[in-house]
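Printed here is final07.txt (compact mmCIF, C-alpha atoms):
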# COMPACT_ATOMS: atom_id res chain seq x y z
CA MET O 1 38.47 150.48 -112.88
CA SER O 2 38.09 147.16 -111.04
CA THR O 3 35.83 146.74 -108.02
CA ALA O 4 38.38 146.99 -105.19
CA LEU O 5 40.30 149.79 -106.91
CA ASP O 6 37.03 151.67 -107.40
CA VAL O 7 36.16 151.40 -103.70
CA LEU O 8 39.68 152.49 -102.72
CA ASP O 9 39.58 155.37 -105.22
CA ARG O 10 36.22 156.57 -103.93
CA SER O 11 37.47 156.34 -100.34
CA LEU O 12 40.60 158.33 -101.15
CA ARG O 13 38.32 161.03 -102.59
CA GLY O 14 36.37 161.14 -99.30
CA ASP O 15 33.23 159.36 -100.51
CA PRO O 16 31.23 158.42 -97.36
CA GLU O 17 29.94 155.15 -98.84
CA GLY O 18 33.43 154.05 -99.87
CA LEU O 19 34.84 154.93 -96.45
CA SER O 20 31.98 153.14 -94.71
CA PHE O 21 32.52 150.02 -96.82
CA LEU O 22 36.23 149.94 -95.91
CA GLU O 23 35.48 150.49 -92.23
CA ARG O 24 32.96 147.63 -92.15
CA THR O 25 35.19 145.36 -94.21
CA ALA O 26 38.10 145.91 -91.82
CA SER O 27 35.92 145.22 -88.77
CA ILE O 28 33.57 142.34 -89.54
CA TYR O 29 33.09 139.23 -91.64
CA ILE O 30 30.10 138.63 -93.90
CA LEU O 31 28.70 135.15 -94.47
CA ASP O 32 28.20 134.31 -98.14
CA ARG O 33 25.66 131.50 -98.57
CA THR O 34 25.40 131.82 -102.34
CA ASN O 35 26.51 128.20 -102.53
CA GLN O 36 24.44 126.54 -99.78
CA GLY O 37 26.71 123.50 -99.79
CA ALA O 38 29.85 125.53 -99.17
CA PRO O 39 29.22 128.80 -97.34
CA THR O 40 32.20 131.13 -96.95
CA THR O 41 33.07 134.32 -95.17
CA TYR O 42 34.23 137.58 -96.74
CA GLY O 43 36.28 140.09 -94.81
CA CYS O 44 39.33 142.28 -94.75
CA TRP O 45 41.83 139.65 -95.93
CA ASP O 46 39.64 138.86 -98.94
CA PHE O 47 39.39 142.53 -99.86
CA ILE O 48 43.13 143.11 -99.42
CA ASN O 49 43.87 140.08 -101.60
CA GLN O 50 41.50 141.36 -104.27
CA GLY O 51 42.96 144.88 -104.04
CA LEU O 52 46.56 143.68 -104.38
CA ASN O 53 45.56 141.53 -107.37
CA GLU O 54 43.83 144.48 -109.04
CA VAL O 55 46.80 146.82 -108.51
CA GLU O 56 49.18 144.25 -110.00
CA ARG O 57 46.84 143.57 -112.94
CA TYR O 58 46.37 147.28 -113.62
CA GLU O 59 50.11 147.94 -113.57
CA ALA O 60 50.81 144.93 -115.81
CA SER O 61 48.18 146.00 -118.31
CA HIS O 62 49.58 149.55 -118.46
CA LEU O 63 53.27 148.69 -118.82
CA ASN O 64 53.28 149.84 -122.42
CA ALA O 65 51.00 152.83 -121.95
CA GLY O 66 52.41 156.29 -121.49
CA ASN O 67 52.40 157.85 -118.02
CA GLU O 68 49.65 160.27 -119.02
CA ASN O 69 47.18 157.35 -119.32
CA ARG O 70 48.22 155.53 -116.17
CA LEU O 71 46.64 156.11 -112.77
CA ASN O 72 48.90 156.64 -109.79
CA LEU O 73 47.95 153.84 -107.40
CA GLU O 74 50.34 154.72 -104.57
CA GLY O 75 47.50 156.02 -102.36
CA HIS O 76 45.50 152.88 -103.09
CA VAL O 77 48.37 150.67 -101.90
CA GLN O 78 48.85 152.85 -98.81
CA LEU O 79 45.16 152.51 -97.97
CA LEU O 80 45.33 148.71 -98.46
CA ALA O 81 48.36 148.66 -96.14
CA SER O 82 46.44 150.63 -93.49
CA MET O 83 43.58 148.15 -93.66
CA ALA O 84 45.96 145.20 -93.53
CA ARG O 85 47.78 146.63 -90.51
CA ARG O 86 44.51 146.98 -88.67
CA ALA O 87 43.55 143.36 -89.42
CA ALA O 88 47.08 142.09 -88.70
CA ARG O 89 46.90 143.49 -85.18
CA ARG O 90 44.10 141.07 -84.36
CA SER O 91 45.13 137.89 -82.64
CA PRO O 92 43.98 134.56 -84.09
CA SER O 93 41.48 134.25 -81.23
CA SER O 94 40.01 137.67 -82.10
CA ASP O 95 39.53 136.58 -85.71
CA LEU O 96 37.93 133.38 -84.45
CA ASN O 97 35.49 135.46 -82.39
CA LEU O 98 34.69 137.69 -85.39
CA ILE O 99 33.86 134.65 -87.53
CA GLY O 100 31.71 133.25 -84.70
CA THR O 101 29.87 136.58 -84.50
CA CYS O 102 29.43 136.56 -88.28
CA LEU O 103 27.82 133.10 -88.15
CA ALA O 104 25.59 134.06 -85.22
CA ASN O 105 24.47 137.34 -86.84
CA ALA O 106 23.62 135.51 -90.05
CA GLY O 107 21.53 133.02 -88.10
CA HIS O 108 23.66 130.26 -89.60
CA GLN O 109 23.60 127.08 -87.56
CA ALA O 110 27.06 125.83 -88.43
CA SER O 111 28.37 122.54 -87.15
CA THR O 112 31.68 122.66 -85.35
CA ALA O 113 33.34 121.10 -88.40
CA GLU O 114 31.78 123.65 -90.78
CA ALA O 115 32.83 126.54 -88.53
CA GLN O 116 36.35 125.11 -88.38
CA VAL O 117 36.49 125.00 -92.21
CA LEU O 118 35.61 128.71 -92.35
CA ILE O 119 38.19 129.53 -89.68
CA THR O 120 40.86 127.45 -91.42
CA HIS O 121 40.10 129.09 -94.77
CA ASN O 122 40.47 132.55 -93.22
CA SER O 123 43.73 131.61 -91.47
CA GLU O 124 45.19 130.18 -94.68
CA LEU O 125 44.19 133.29 -96.63
CA GLN O 126 45.78 135.54 -93.99
CA GLU O 127 48.96 133.45 -94.08
CA ARG O 128 49.14 133.65 -97.91
CA ILE O 129 48.61 137.41 -97.88
CA MET O 130 51.21 137.90 -95.15
CA GLY O 131 53.69 135.86 -97.20
CA ARG O 132 52.85 137.91 -100.25
CA ILE O 133 53.29 141.19 -98.36
CA ALA O 134 56.56 139.98 -96.82
CA ALA O 135 57.82 139.06 -100.29
CA MET O 136 56.91 142.53 -101.57
CA VAL O 137 58.66 144.20 -98.67
CA PHE O 138 61.80 142.07 -98.50
CA ASP O 139 62.31 141.01 -102.14
CA PHE O 140 63.23 144.04 -104.21
CA SER O 141 62.48 142.26 -107.50
CA PHE O 142 58.83 143.12 -106.77
CA HIS O 143 59.71 146.82 -106.96
CA ARG O 144 59.46 147.15 -110.72
CA ILE O 145 60.71 150.35 -112.24
CA ASN O 146 60.35 150.59 -115.99
CA THR O 147 60.44 153.24 -118.66
CA HIS O 148 56.83 154.15 -117.91
CA GLY O 149 57.28 154.80 -114.22
CA ALA O 150 57.57 152.98 -110.95
CA SER O 151 55.20 150.44 -109.49
CA ALA O 152 52.95 151.67 -106.68
CA PHE O 153 54.80 149.09 -104.57
CA THR O 154 58.02 151.12 -104.84
CA ASN O 155 56.53 153.98 -102.83
CA ARG O 156 58.52 154.29 -99.59
CA ILE O 157 55.49 155.13 -97.46
CA ALA O 158 53.61 152.12 -98.81
CA MET O 159 56.64 149.89 -98.17
CA GLU O 160 57.01 151.15 -94.61
CA SER O 161 53.30 150.58 -94.05
CA LEU O 162 53.57 147.06 -95.43
CA CYS O 163 56.57 146.43 -93.14
CA ALA O 164 54.35 147.52 -90.25
CA VAL O 165 51.71 145.01 -91.40
CA VAL O 166 54.21 142.14 -91.29
CA ALA O 167 55.51 143.27 -87.89
CA ALA O 168 52.01 143.71 -86.42
CA ASN O 169 50.99 140.27 -87.66
CA SER O 170 54.11 138.72 -86.12
CA VAL O 171 53.51 140.37 -82.76
CA SER O 172 49.81 139.44 -82.66
CA ASN O 173 50.65 135.81 -83.51
CA GLY O 174 53.29 135.36 -80.82
CA PRO O 175 56.99 134.63 -80.41
CA GLY O 176 57.12 131.87 -83.05
CA ALA O 177 55.83 134.27 -85.70
CA ILE O 178 58.38 136.90 -84.69
CA GLY O 179 61.18 134.33 -85.05
CA HIS O 180 59.82 133.32 -88.46
CA LEU O 181 59.76 136.98 -89.57
CA VAL O 182 63.31 137.65 -88.45
CA MET O 183 64.99 134.41 -89.51
CA ASP O 184 63.06 133.66 -92.71
CA TRP O 185 62.49 137.16 -94.09
CA ILE O 186 64.57 139.93 -92.56
CA VAL O 187 67.95 138.19 -92.21
CA PRO O 188 67.94 136.69 -95.74
CA SER O 189 66.83 140.01 -97.27
CA VAL O 190 69.97 141.80 -96.06
CA GLU O 191 71.82 140.22 -99.00
CA ASN O 192 69.34 141.75 -101.49
CA LEU O 193 69.12 145.32 -100.23
CA PRO O 194 69.68 147.92 -102.95
Starting from the file, lay out its structure as structure tokens.
Amino acid sequence: MSTALDVLDRSLRGDPEGLSFLERTASIYILDRTNQGAPTTYGCWDFINQGLNEVERYEASHLNAGNENRLNLEGHVQLLASMARRAARRSPSSDLNLIGTCLANAGHQASTAEAQVLITHNSELQERIMGRIAAMVFDFSFHRINTHGASAFTNRIAMESLCAVVAANSVSNGPGAIGHLVMDWIVPSVENLP
């Protein structure tokens, strides 16, 4: 099992370390200075992105396997959606403050330009993930059902949770984001409803 799926699986089984990792990941950013020339932050959006990738890879690699060999990842997707909803409720200024706290806690003396690069990277990642989640929720071609079972993304509870993520993100980002959600995602999707 891949890293993010393993953490999610352990958390779903009640493992205290897995639950603690998810709680911290949803609440703070960590500064990664592995590459001194290009430090980066790691937080909830990074983990959600990794988790979504791992679910999709797992499902793609098990398309031809029988159901008895395939894990049910519906709970994993629901847990990712819960984490994403929590992060999506934060306003952009709250995320900015969390990144500032991350830099201060790490003792990293970042220039204003370097801090802005980290903030911009995080905002772009959040925007990509929100677009990806909106596509999953409003484009039913993502809801693969094949002879070996349904995708974890077809689970109604997971879909409702992902809808809540998109809505929470729109509300926390203001009226322009709400208009974008309605006019660019919800209204066009009416034509594609099953």
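For Ser11 of chain O, the set of protein, DNA and RNA residues having any atom at most 10 Å away, when counting all atoms listed in the file and skipping those fewer than 3 positions along the same chain, is O:Leu5, O:Asp6, O:Val7, O:Leu8, O:Gly14, O:Asp15, O:Pro16, O:Glu17, O:Gly18, O:Leu19, O:Ser20, O:Phe21, O:Leu22, O:His76, O:Leu79.
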Please identify all polymer residues within 8 Å of Tyr29 of chain O, counting all atoms listed in the file, omitting same-chain residues fewer than 3 positions from it, and present them as a VMD selection string.
chain O and resid 25 41 to 44 98 to 99 102
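Distance annotation: of O:Ile129, O:Ser91, O:Val117, O:Glu74, the residue with the minimal separation from Leu12 of chain O is O:Glu74; atom set is all atoms listed in the file.
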Let me make sure I understand: among O:Asn105, O:Ser93, O:Asn53, O:Gln36, which one has the smallest atom-to-atom distance to Ile133 of chain O if we use only C-alpha atoms?
O:Asn53
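Counting all atoms listed in the file, the residue from O:Ala4, O:Val77, O:Ile48, O:Met159 that sits nearest to Arg128 of chain O is O:Ile48.
One distance worth recording is that between atom CA of Leu181 of chain O and atom CA of Leu73 of chain O, which is 27.2 Å.
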Please provide as a ChimeraX atom specification all residues within 8 Å of Val166 of chain O, with the sequence filter that same-chain residues fewer than 2 positions apart are discarded (counting only C-alpha atoms).
/O:85,88,130,133-134,162-164,168-170,181
Two-atom distance - atom CA of Gly51 of chain O, atom CA of Met83 of chain O (Å)
10.9 Å
